[in-house]
Structure formats: C-alpha cells, structure tokens
file input_18.cif (mmCIF, C-alpha atoms and all ligand atoms)
data_my_file
loop_
_atom_site.group_PDB
_atom_site.id
_atom_site.type_symbol
_atom_site.label_atom_id
_atom_site.label_comp_id
_atom_site.auth_asym_id
_atom_site.auth_seq_id
_atom_site.Cartn_x
_atom_site.Cartn_y
_atom_site.Cartn_z
ATOM 1 C CA MET Q 1 10.531 -186.239 -7.300
ATOM 2 C CA THR Q 2 11.631 -182.839 -8.611
ATOM 3 C CA ASP Q 3 11.436 -180.193 -5.937
ATOM 4 C CA ILE Q 4 9.511 -177.098 -6.970
ATOM 5 C CA ALA Q 5 12.572 -175.108 -5.838
ATOM 6 C CA ASP Q 6 14.556 -176.834 -8.631
ATOM 7 C CA ARG Q 7 12.431 -175.109 -11.258
ATOM 8 C CA PRO Q 8 11.622 -171.640 -9.875
ATOM 9 C CA ASP Q 9 11.063 -170.385 -13.434
ATOM 10 C CA ARG Q 10 7.934 -172.578 -13.559
ATOM 11 C CA MET Q 11 6.433 -170.925 -10.519
ATOM 12 C CA PRO Q 12 4.639 -167.603 -10.992
ATOM 13 C CA ARG Q 13 5.617 -164.873 -8.564
ATOM 14 C CA ALA Q 14 2.204 -164.894 -6.877
ATOM 15 C CA GLU Q 15 2.533 -168.589 -6.101
ATOM 16 C CA LYS Q 16 5.990 -168.074 -4.639
ATOM 17 C CA ALA Q 17 4.537 -165.377 -2.424
ATOM 18 C CA LEU Q 18 1.758 -167.740 -1.315
ATOM 19 C CA LEU Q 19 4.240 -170.465 -0.404
ATOM 20 C CA ALA Q 20 6.329 -167.940 1.516
ATOM 21 C CA LEU Q 21 3.191 -166.946 3.422
ATOM 22 C CA LEU Q 22 2.326 -170.550 4.273
ATOM 23 C CA GLU Q 23 5.891 -171.122 5.433
ATOM 24 C CA SER Q 24 6.035 -168.019 7.597
ATOM 25 C CA ARG Q 25 2.658 -168.364 9.343
ATOM 26 C CA ARG Q 26 2.881 -169.138 13.035
ATOM 27 C CA SER Q 27 0.341 -168.883 15.806
ATOM 28 C CA THR Q 28 1.015 -166.131 18.330
ATOM 29 C CA ALA Q 29 0.179 -166.864 21.989
ATOM 30 C CA VAL Q 30 -3.198 -165.279 22.710
ATOM 31 C CA GLY Q 31 -1.757 -163.049 25.453
ATOM 32 C CA LEU Q 32 0.783 -161.672 22.975
ATOM 33 C CA ILE Q 33 -1.791 -160.573 20.390
ATOM 34 C CA GLY Q 34 -2.617 -156.887 20.764
ATOM 35 C CA GLU Q 35 -3.627 -153.768 18.848
ATOM 36 C CA PRO Q 36 -4.032 -152.899 16.080
ATOM 37 C CA GLY Q 37 -6.671 -155.283 14.886
ATOM 38 C CA PRO Q 38 -8.199 -155.528 11.423
ATOM 39 C CA SER Q 39 -10.500 -152.784 10.202
ATOM 40 C CA GLU Q 40 -14.095 -153.730 9.496
ATOM 41 C CA ALA Q 41 -13.264 -154.072 5.780
ATOM 42 C CA GLU Q 42 -10.187 -156.215 6.493
ATOM 43 C CA LEU Q 43 -12.149 -158.478 8.810
ATOM 44 C CA ARG Q 44 -14.844 -158.854 6.185
ATOM 45 C CA ARG Q 45 -12.234 -159.897 3.614
ATOM 46 C CA MET Q 46 -10.758 -162.430 6.030
ATOM 47 C CA LEU Q 47 -14.172 -163.940 6.676
ATOM 48 C CA ALA Q 48 -14.875 -164.055 2.925
ATOM 49 C CA TYR Q 49 -11.591 -165.926 2.325
ATOM 50 C CA ALA Q 50 -12.342 -168.227 5.257
ATOM 51 C CA CYS Q 51 -15.645 -169.200 3.602
ATOM 52 C CA ARG Q 52 -13.802 -170.390 0.496
ATOM 53 C CA ALA Q 53 -13.184 -173.682 2.297
ATOM 54 C CA PRO Q 54 -14.096 -176.963 0.622
ATOM 55 C CA ASP Q 55 -17.700 -177.752 1.521
ATOM 56 C CA HIS Q 56 -19.094 -181.106 0.317
ATOM 57 C CA GLY Q 57 -22.657 -180.518 -0.884
ATOM 58 C CA ALA Q 58 -22.352 -176.731 -0.492
ATOM 59 C CA LEU Q 59 -24.199 -176.963 2.813
ATOM 60 C CA GLU Q 60 -22.365 -174.040 4.465
ATOM 61 C CA PRO Q 61 -22.183 -176.023 7.692
ATOM 62 C CA TRP Q 62 -20.572 -173.209 9.665
ATOM 63 C CA ARG Q 63 -21.178 -169.633 10.824
ATOM 64 C CA PHE Q 64 -19.242 -166.842 12.566
ATOM 65 C CA ILE Q 65 -19.709 -164.951 15.819
ATOM 66 C CA VAL Q 66 -17.525 -161.816 16.057
ATOM 67 C CA ILE Q 67 -16.605 -160.489 19.498
ATOM 68 C CA GLU Q 68 -14.934 -157.062 19.460
ATOM 69 C CA GLY Q 69 -14.754 -153.781 21.368
ATOM 70 C CA GLY Q 70 -16.544 -153.707 24.723
ATOM 71 C CA ALA Q 71 -18.311 -156.992 23.983
ATOM 72 C CA ARG Q 72 -14.986 -158.781 24.624
ATOM 73 C CA ARG Q 73 -14.921 -157.739 28.292
ATOM 74 C CA ARG Q 74 -18.610 -158.412 28.824
ATOM 75 C CA ALA Q 75 -18.465 -161.882 27.219
ATOM 76 C CA SER Q 76 -15.321 -162.717 29.228
ATOM 77 C CA GLU Q 77 -17.009 -161.694 32.479
ATOM 78 C CA ARG Q 78 -20.028 -163.840 31.651
ATOM 79 C CA LEU Q 79 -17.709 -166.806 31.000
ATOM 80 C CA SER Q 80 -15.963 -166.183 34.308
ATOM 81 C CA GLU Q 81 -19.375 -166.391 36.047
ATOM 82 C CA CYS Q 82 -20.024 -169.706 34.241
ATOM 83 C CA TYR Q 83 -16.619 -170.966 35.334
ATOM 84 C CA ALA Q 84 -17.407 -170.107 38.968
ATOM 85 C CA ALA Q 85 -20.801 -171.831 38.789
ATOM 86 C CA GLU Q 86 -19.385 -174.958 37.147
ATOM 87 C CA ASN Q 87 -16.483 -175.233 39.592
ATOM 88 C CA ALA Q 88 -18.223 -174.437 42.871
ATOM 89 C CA THR Q 89 -16.321 -177.098 44.833
ATOM 90 C CA MET Q 90 -12.858 -176.156 43.519
ATOM 91 C CA GLU Q 91 -10.252 -175.014 46.025
ATOM 92 C CA PRO Q 92 -11.069 -171.253 46.459
ATOM 93 C CA ALA Q 93 -7.638 -169.820 45.555
ATOM 94 C CA LYS Q 94 -7.416 -171.957 42.420
ATOM 95 C CA ARG Q 95 -11.000 -171.094 41.463
ATOM 96 C CA ALA Q 96 -10.344 -167.367 41.938
ATOM 97 C CA LYS Q 97 -7.191 -167.630 39.801
ATOM 98 C CA PHE Q 98 -8.990 -169.261 36.891
ATOM 99 C CA MET Q 99 -11.984 -166.934 37.246
ATOM 100 C CA ALA Q 100 -9.614 -163.973 36.853
ATOM 101 C CA ILE Q 101 -8.058 -165.547 33.742
ATOM 102 C CA MET Q 102 -11.521 -166.249 32.323
ATOM 103 C CA ALA Q 103 -12.675 -162.685 33.041
ATOM 104 C CA ARG Q 104 -10.167 -161.517 30.423
ATOM 105 C CA VAL Q 105 -10.268 -164.503 28.079
ATOM 106 C CA PHE Q 106 -11.381 -162.473 25.028
ATOM 107 C CA CYS Q 107 -9.680 -159.204 26.003
ATOM 108 C CA ALA Q 108 -6.143 -159.491 24.571
ATOM 109 C CA ALA Q 109 -6.715 -159.577 20.817
ATOM 110 C CA PRO Q 110 -8.827 -156.768 19.324
ATOM 111 C CA VAL Q 111 -11.033 -159.208 17.437
ATOM 112 C CA VAL Q 112 -12.163 -162.705 18.326
ATOM 113 C CA VAL Q 113 -14.028 -164.790 15.753
ATOM 114 C CA ILE Q 114 -15.853 -167.896 16.874
ATOM 115 C CA VAL Q 115 -16.212 -170.410 14.052
ATOM 116 C CA VAL Q 116 -19.315 -172.461 14.766
ATOM 117 C CA SER Q 117 -19.804 -175.860 13.146
ATOM 118 C CA ARG Q 118 -23.486 -176.418 12.358
ATOM 119 C CA PRO Q 119 -23.790 -179.679 10.446
ATOM 120 C CA ASP Q 120 -27.051 -180.605 8.789
ATOM 121 C CA ARG Q 121 -27.799 -184.020 10.304
ATOM 122 C CA ASN Q 122 -30.458 -184.732 7.686
ATOM 123 C CA ALA Q 123 -28.097 -184.191 4.760
ATOM 124 C CA LYS Q 124 -26.541 -187.086 2.829
ATOM 125 C CA ILE Q 125 -23.062 -185.689 3.523
ATOM 126 C CA PRO Q 126 -21.565 -187.304 6.669
ATOM 127 C CA VAL Q 127 -21.479 -185.020 9.721
ATOM 128 C CA PHE Q 128 -17.737 -185.705 10.013
ATOM 129 C CA GLU Q 129 -17.148 -184.162 6.589
ATOM 130 C CA GLN Q 130 -19.221 -181.132 7.512
ATOM 131 C CA GLU Q 131 -17.179 -180.722 10.712
ATOM 132 C CA LEU Q 132 -13.943 -181.041 8.734
ATOM 133 C CA SER Q 133 -15.204 -178.217 6.537
ATOM 134 C CA ALA Q 134 -15.544 -176.022 9.648
ATOM 135 C CA GLY Q 135 -11.926 -176.878 10.487
ATOM 136 C CA ALA Q 136 -10.925 -175.829 6.980
ATOM 137 C CA VAL Q 137 -12.728 -172.504 7.530
ATOM 138 C CA CYS Q 138 -10.647 -171.976 10.682
ATOM 139 C CA MET Q 139 -7.423 -172.726 8.802
ATOM 140 C CA ASN Q 140 -8.371 -170.413 5.934
ATOM 141 C CA LEU Q 141 -9.117 -167.675 8.444
ATOM 142 C CA LEU Q 142 -5.646 -168.054 10.004
ATOM 143 C CA THR Q 143 -4.023 -167.923 6.563
ATOM 144 C CA ALA Q 144 -6.104 -164.937 5.452
ATOM 145 C CA ALA Q 145 -5.307 -163.038 8.666
ATOM 146 C CA HIS Q 146 -1.595 -163.681 8.099
ATOM 147 C CA ALA Q 147 -1.798 -162.694 4.420
ATOM 148 C CA ILE Q 148 -3.529 -159.409 5.277
ATOM 149 C CA GLY Q 149 -0.805 -158.664 7.833
ATOM 150 C CA PHE Q 150 -2.197 -159.804 11.171
ATOM 151 C CA SER Q 151 -1.369 -162.493 13.710
ATOM 152 C CA ALA Q 152 -3.851 -165.017 14.991
ATOM 153 C CA ASN Q 153 -4.365 -168.104 17.093
ATOM 154 C CA TRP Q 154 -6.924 -170.917 16.892
ATOM 155 C CA VAL Q 155 -7.925 -172.109 20.343
ATOM 156 C CA THR Q 156 -10.889 -173.806 22.015
ATOM 157 C CA GLY Q 157 -10.827 -174.418 25.797
ATOM 158 C CA PHE Q 158 -13.569 -173.535 28.291
ATOM 159 C CA ALA Q 159 -15.430 -171.309 25.814
ATOM 160 C CA ALA Q 160 -15.892 -174.267 23.487
ATOM 161 C CA TYR Q 161 -16.678 -177.050 25.920
ATOM 162 C CA SER Q 162 -18.567 -175.584 28.879
ATOM 163 C CA ALA Q 163 -22.371 -175.847 28.705
ATOM 164 C CA GLY Q 164 -22.721 -172.439 30.376
ATOM 165 C CA ALA Q 165 -20.240 -170.779 28.005
ATOM 166 C CA ARG Q 166 -22.058 -172.251 25.014
ATOM 167 C CA GLU Q 167 -25.284 -170.700 26.242
ATOM 168 C CA VAL Q 168 -23.663 -167.303 26.861
ATOM 169 C CA LEU Q 169 -22.180 -167.353 23.341
ATOM 170 C CA GLY Q 170 -25.439 -168.417 21.706
ATOM 171 C CA ILE Q 171 -24.371 -171.879 20.527
ATOM 172 C CA ALA Q 172 -27.491 -173.880 19.663
ATOM 173 C CA ALA Q 173 -28.091 -177.585 20.290
ATOM 174 C CA GLY Q 174 -26.405 -179.525 17.475
ATOM 175 C CA GLU Q 175 -23.761 -176.822 16.994
ATOM 176 C CA LYS Q 176 -20.137 -176.994 18.157
ATOM 177 C CA ILE Q 177 -17.408 -174.410 18.428
ATOM 178 C CA ALA Q 178 -14.766 -175.432 15.888
ATOM 179 C CA GLY Q 179 -12.443 -172.619 16.832
ATOM 180 C CA VAL Q 180 -12.049 -169.415 18.779
ATOM 181 C CA ILE Q 181 -9.768 -167.377 16.531
ATOM 182 C CA HIS Q 182 -8.015 -164.425 18.189
ATOM 183 C CA ILE Q 183 -6.819 -161.853 15.627
ATOM 184 C CA GLY Q 184 -4.592 -158.783 16.014
ATOM 185 C CA THR Q 185 -0.933 -157.803 15.940
ATOM 186 C CA ALA Q 186 1.855 -159.860 17.525
ATOM 187 C CA LEU Q 187 3.567 -158.007 20.365
ATOM 188 C CA GLU Q 188 6.485 -160.443 19.948
ATOM 189 C CA LYS Q 189 7.321 -162.442 16.847
ATOM 190 C CA PRO Q 190 6.888 -166.141 17.702
ATOM 191 C CA ALA Q 191 9.857 -168.453 17.158
ATOM 192 C CA GLU Q 192 9.477 -171.329 14.713
ATOM 193 C CA ARG Q 193 8.372 -174.581 16.344
ATOM 194 C CA LYS Q 194 9.326 -178.161 15.625
ATOM 195 C CA ARG Q 195 7.522 -179.458 12.547
ATOM 196 C CA PRO Q 196 6.608 -183.078 11.804
ATOM 197 C CA ASP Q 197 9.109 -185.490 10.286
ATOM 198 C CA LEU Q 198 7.455 -186.029 6.903
ATOM 199 C CA ASP Q 199 9.164 -189.370 6.366
ATOM 200 C CA ALA Q 200 7.837 -190.662 9.691
ATOM 201 C CA ILE Q 201 4.224 -189.869 8.820
ATOM 202 C CA THR Q 202 4.208 -190.661 5.098
ATOM 203 C CA THR Q 203 3.985 -194.088 3.492
ATOM 204 C CA ARG Q 204 3.354 -195.099 -0.091
ATOM 205 C CA TRP Q 205 0.655 -197.654 -0.682
ATOM 206 C CA SER Q 206 1.556 -200.684 -2.712
ATOM 207 C CA ASP Q 207 -0.630 -203.641 -3.523
ATOM 208 C CA LYS Q 208 0.555 -206.416 -1.188
ATOM 209 C CA SER Q 209 -1.883 -208.920 -2.724
ATOM 210 C CA ALA Q 210 -0.264 -208.693 -6.191
HETATM 211 C C1 LIG Q 301 -9.009 -177.458 17.051
HETATM 212 C C2 LIG Q 301 -7.801 -176.841 17.714
HETATM 213 C C3 LIG Q 301 -7.919 -176.355 19.000
HETATM 214 C C4 LIG Q 301 -6.823 -175.790 19.649
HETATM 215 N N1 LIG Q 301 -6.972 -175.312 20.915
HETATM 216 C C5 LIG Q 301 -5.921 -174.791 21.563
HETATM 217 C C6 LIG Q 301 -6.069 -174.288 22.883
HETATM 218 O O1 LIG Q 301 -7.160 -174.291 23.456
HETATM 219 N N2 LIG Q 301 -4.961 -173.775 23.470
HETATM 220 C C7 LIG Q 301 -3.735 -173.757 22.852
HETATM 221 O O2 LIG Q 301 -2.755 -173.306 23.448
HETATM 222 N N3 LIG Q 301 -3.571 -174.202 21.585
HETATM 223 C C8 LIG Q 301 -4.630 -174.726 20.928
HETATM 224 N N4 LIG Q 301 -4.468 -175.178 19.642
HETATM 225 C C9 LIG Q 301 -3.138 -175.101 18.997
HETATM 226 C C10 LIG Q 301 -2.843 -173.738 18.346
HETATM 227 O O3 LIG Q 301 -3.893 -173.289 17.532
HETATM 228 C C11 LIG Q 301 -1.648 -173.779 17.403
HETATM 229 O O4 LIG Q 301 -1.932 -174.685 16.372
HETATM 230 C C12 LIG Q 301 -0.385 -174.203 18.058
HETATM 231 O O5 LIG Q 301 -0.033 -173.248 19.007
HETATM 232 C C13 LIG Q 301 0.742 -174.404 17.020
HETATM 233 O O6 LIG Q 301 1.092 -173.240 16.374
HETATM 234 P P1 LIG Q 301 1.243 -173.028 14.783
HETATM 235 O O7 LIG Q 301 -0.138 -172.644 14.286
HETATM 236 O O8 LIG Q 301 2.214 -171.913 14.709
HETATM 237 O O9 LIG Q 301 1.705 -174.276 14.176
HETATM 238 C C14 LIG Q 301 -5.570 -175.719 18.981
HETATM 239 C C15 LIG Q 301 -5.472 -176.178 17.649
HETATM 240 C C16 LIG Q 301 -6.558 -176.742 17.035
HETATM 241 C C17 LIG Q 301 -6.407 -177.238 15.620
#

call {"tool": "encode", "arguments": {"input": "input_18.cif", "output": "structure tokens"}}
result
Amino acid sequence: MTDIADRPDRMPRAEKALLALLESRRSTAVGLIGEPGPSEAELRRMLAYACRAPDHGALEPWRFIVIEGGARRRASERLSECYAAENATMEPAKRAKFMAIMARVFCAAPVVVIVVSRPDRNAKIPVFEQELSAGAVCMNLLTAAHAIGFSANWVTGFAAYSAGAREVLGIAAGEKIAGVIHIGTALEKPAERKRPDLDAITTRWSDKSA
C-alpha cells in the first residue's frame, strides 16, 4: 500500500495539519492541567465540533454538563460527601485521604465537561450504537480542544459510577456518564506513550470456505 507520506503533493496543506494534530495529541494528567482555560466562545466551538460525531438515526443521544468557576469546588465537595457516605466502613485514614482527593476532583482544570450518554431505548437504533456515539463525542471534544490550543483528559472514576455522585451531577435514570473531560493548559508537556502494534491487532479477512 502506498503511504500517504510517499505522495505529499496529493495532500492539501490543511489535511497535513490535521494529521499533525492527530499525531501530536496526548492526554495530560488531570492534576497537570491548569489555567488558562478556553474562553466562553472557544468552549462553545469545542462543543459544536464535539457534536459533529457520527450519530445513527440523528438521535442526539448525548448532552453536556459544564462545570467551571466556583461550581468546580462546590461540586467536588459534594462528591467528597458522597464518597464519605458510600465508604463509611473504610479505614479512617484511607477514607480521609480519598475524601480530600475527591474534594478537589474538578478543581485543577479551569473547565470540566461531562459528556452524558442518553440513549433512546425506544428507538430502532441499538443502545450500543448510541453509546458509541457518545464516545465519539468525547473523542471529538479532545481533538477540538487540542486543535484550539488546549490540553485535555477524558476520565470517568467515582464521578461516573457512584450513585450519589450521579445524583449530585443531575444524571437521570437511563443516562450514563460517557466521559468527564478536563480542559485547560498543560503545566508540563506529556511524553509520548507506547502505541499499539498495528500488525498485532490487524488481520485481513479472506474467505476460508472458498
Ligand atoms: C472511557 C474512558 C475512561 C477513562 N477513564 C480514565 C480514568 O478514570 N483515569 C485515567 O487515568 N485514565 C482514564 N482514561 C484514559 C485517558 O483518557 C487517556 O486515554 C490515557 O491517559 C491515554 O492517553 P492518550 O489520550 O494520550 O492516549 C479513560 C479513557 C477512556 C476512553
């Protein structure tokens, strides 16, 4: 197969720039994402790009919850209270340690976007496909943040899976948190990480019955 790099003349400059962006994107550890964050207009653009995810049946099976400013501290403190209530029998020192971590869980990055999957269970489109679409929204949001000049990280954790946290964040029955996306500026540039061995994960189908 001819590599696209073998025929750079065929690739418009904008496409080269896009590939360079995809190649250079890396998640930054949440604790290493700081100010500045996106402006309101930049965040709006990111969310608009995120919504351009494939969506079988155009069901829009996702929505956003933005946590920014003072709401980050307040939401974190509420999650810390949930953590304490849900781990009442935990060894006290360990519980206090995790409560302290939880009390700042949304406080590092200037903006946190929760991508909520809200599949329509009465639609003909399988719920799995609708949930995949929410994952695609998360990925688009990471790419858009990077393209606009910010760093981000897609995480889940206690916020996504605790019943109490779901209630605090306003996640309805039938909804799931697909991603908690922290967005801001990297305080340290992350090193590249090991990437999959393409040959180990790729096969070519051939008709064995022929
Ligand atoms: C659905 C989903 C949930 C994730 N949750 C966490 C998490 O809770 N904590 C974490 O450290 N990384 C989590 N990750 C991994 C990071 O988002 C990120 O992919 C990883 O650090 C690799 O970095 P890269 O984006 O630079 O390849 C999650 C990834 C996905 C797709």

call {"tool": "residues_near_ligand", "arguments": {"input": "input_18.cif", "ligand": "ligand LIG 301 (chain Q)", "cutoff": "7 Å", "atoms": "only C-alpha atoms and all ligand atoms", "output": "NGL selection string"}}
result
:Q and (25-28 or 153-157 or 178-179 or 193)

call {"tool": "closest_residue", "arguments": {"input": "input_18.cif", "among": "Q:Asn87, Q:Ser133, Q:Ser206, Q:Ser151", "to": "Val112 in chain Q", "atoms": "all atoms listed in the file"}}
result
Q:Ser151

call {"tool": "resolve_selection", "arguments": {"input": "input_18.cif", "expression": "the PyMOL selection byres (((chain Q and resi 119-125) around 12) and not hetatm)", "output": "MDAnalysis selection string"}}
result
chainID Q and resid 55:63 116:118 126:134 172:178

call {"tool": "closest_residue", "arguments": {"input": "input_18.cif", "among": "Q:Arg104, Q:Gly184, Q:Leu32, Q:Ser162", "to": "Glu86 in chain Q", "atoms": "all atoms listed in the file"}}
result
Q:Ser162

call {"tool": "closest_residue", "arguments": {"input": "input_18.cif", "among": "Q:Ile183, Q:Ala108, Q:Arg78, Q:Ala71", "to": "Thr143 in chain Q", "atoms": "only C-alpha atoms"}}
result
Q:Ile183

call {"tool": "atom_distance", "arguments": {"input": "input_18.cif", "atom1": "CA of Glu77 in chain Q", "atom2": "CA of Gly37 in chain Q"}}
result
21.4 Å

call {"tool": "residues_around", "arguments": {"input": "input_18.cif", "residues": "Gly31 in chain Q", "least_positions_apart": "2", "cutoff": "9 Å", "atoms": "only C-alpha atoms", "output": "PDB file with C-alpha atoms, in the coordinates of the input"}}
result
ATOM      1  CA  THR Q  28       1.015-166.131  18.330  1.00  0.00           C
ATOM      2  CA  ALA Q  29       0.179-166.864  21.989  1.00  0.00           C
ATOM      3  CA  ILE Q  33      -1.791-160.573  20.390  1.00  0.00           C
ATOM      4  CA  GLY Q  34      -2.617-156.887  20.764  1.00  0.00           C
ATOM      5  CA  CYS Q 107      -9.680-159.204  26.003  1.00  0.00           C
ATOM      6  CA  ALA Q 108      -6.143-159.491  24.571  1.00  0.00           C
ATOM      7  CA  ALA Q 109      -6.715-159.577  20.817  1.00  0.00           C
ATOM      8  CA  LEU Q 187       3.567-158.007  20.365  1.00  0.00           C
TER       9      LEU Q 187
END

call {"tool": "atom_distance", "arguments": {"input": "input_18.cif", "atom1": "CA of Leu169 in chain Q", "atom2": "CA of Leu141 in chain Q"}}
result
19.8 Å

call {"tool": "atom_distance", "arguments": {"input": "input_18.cif", "atom1": "CA of Pro36 in chain Q", "atom2": "CA of Thr185 in chain Q"}}
result
5.8 Å

call {"tool": "axis_aligned_box", "arguments": {"input": "input_18.cif", "around": "range 15-23 of chain Q", "padding_each_side": "3 Å", "output": "lines of an AutoDock Vina configuration file"}}
result
center_x = 4.0
center_y = -168.2
center_z = -0.3
size_x = 10.6
size_y = 11.7
size_z = 17.5

call {"tool": "closest_residue", "arguments": {"input": "input_18.cif", "among": "Q:Ala147, Q:Cys138, Q:Tyr161, Q:Cys82", "to": "Ala17 in chain Q", "atoms": "only C-alpha atoms"}}
result
Q:Ala147
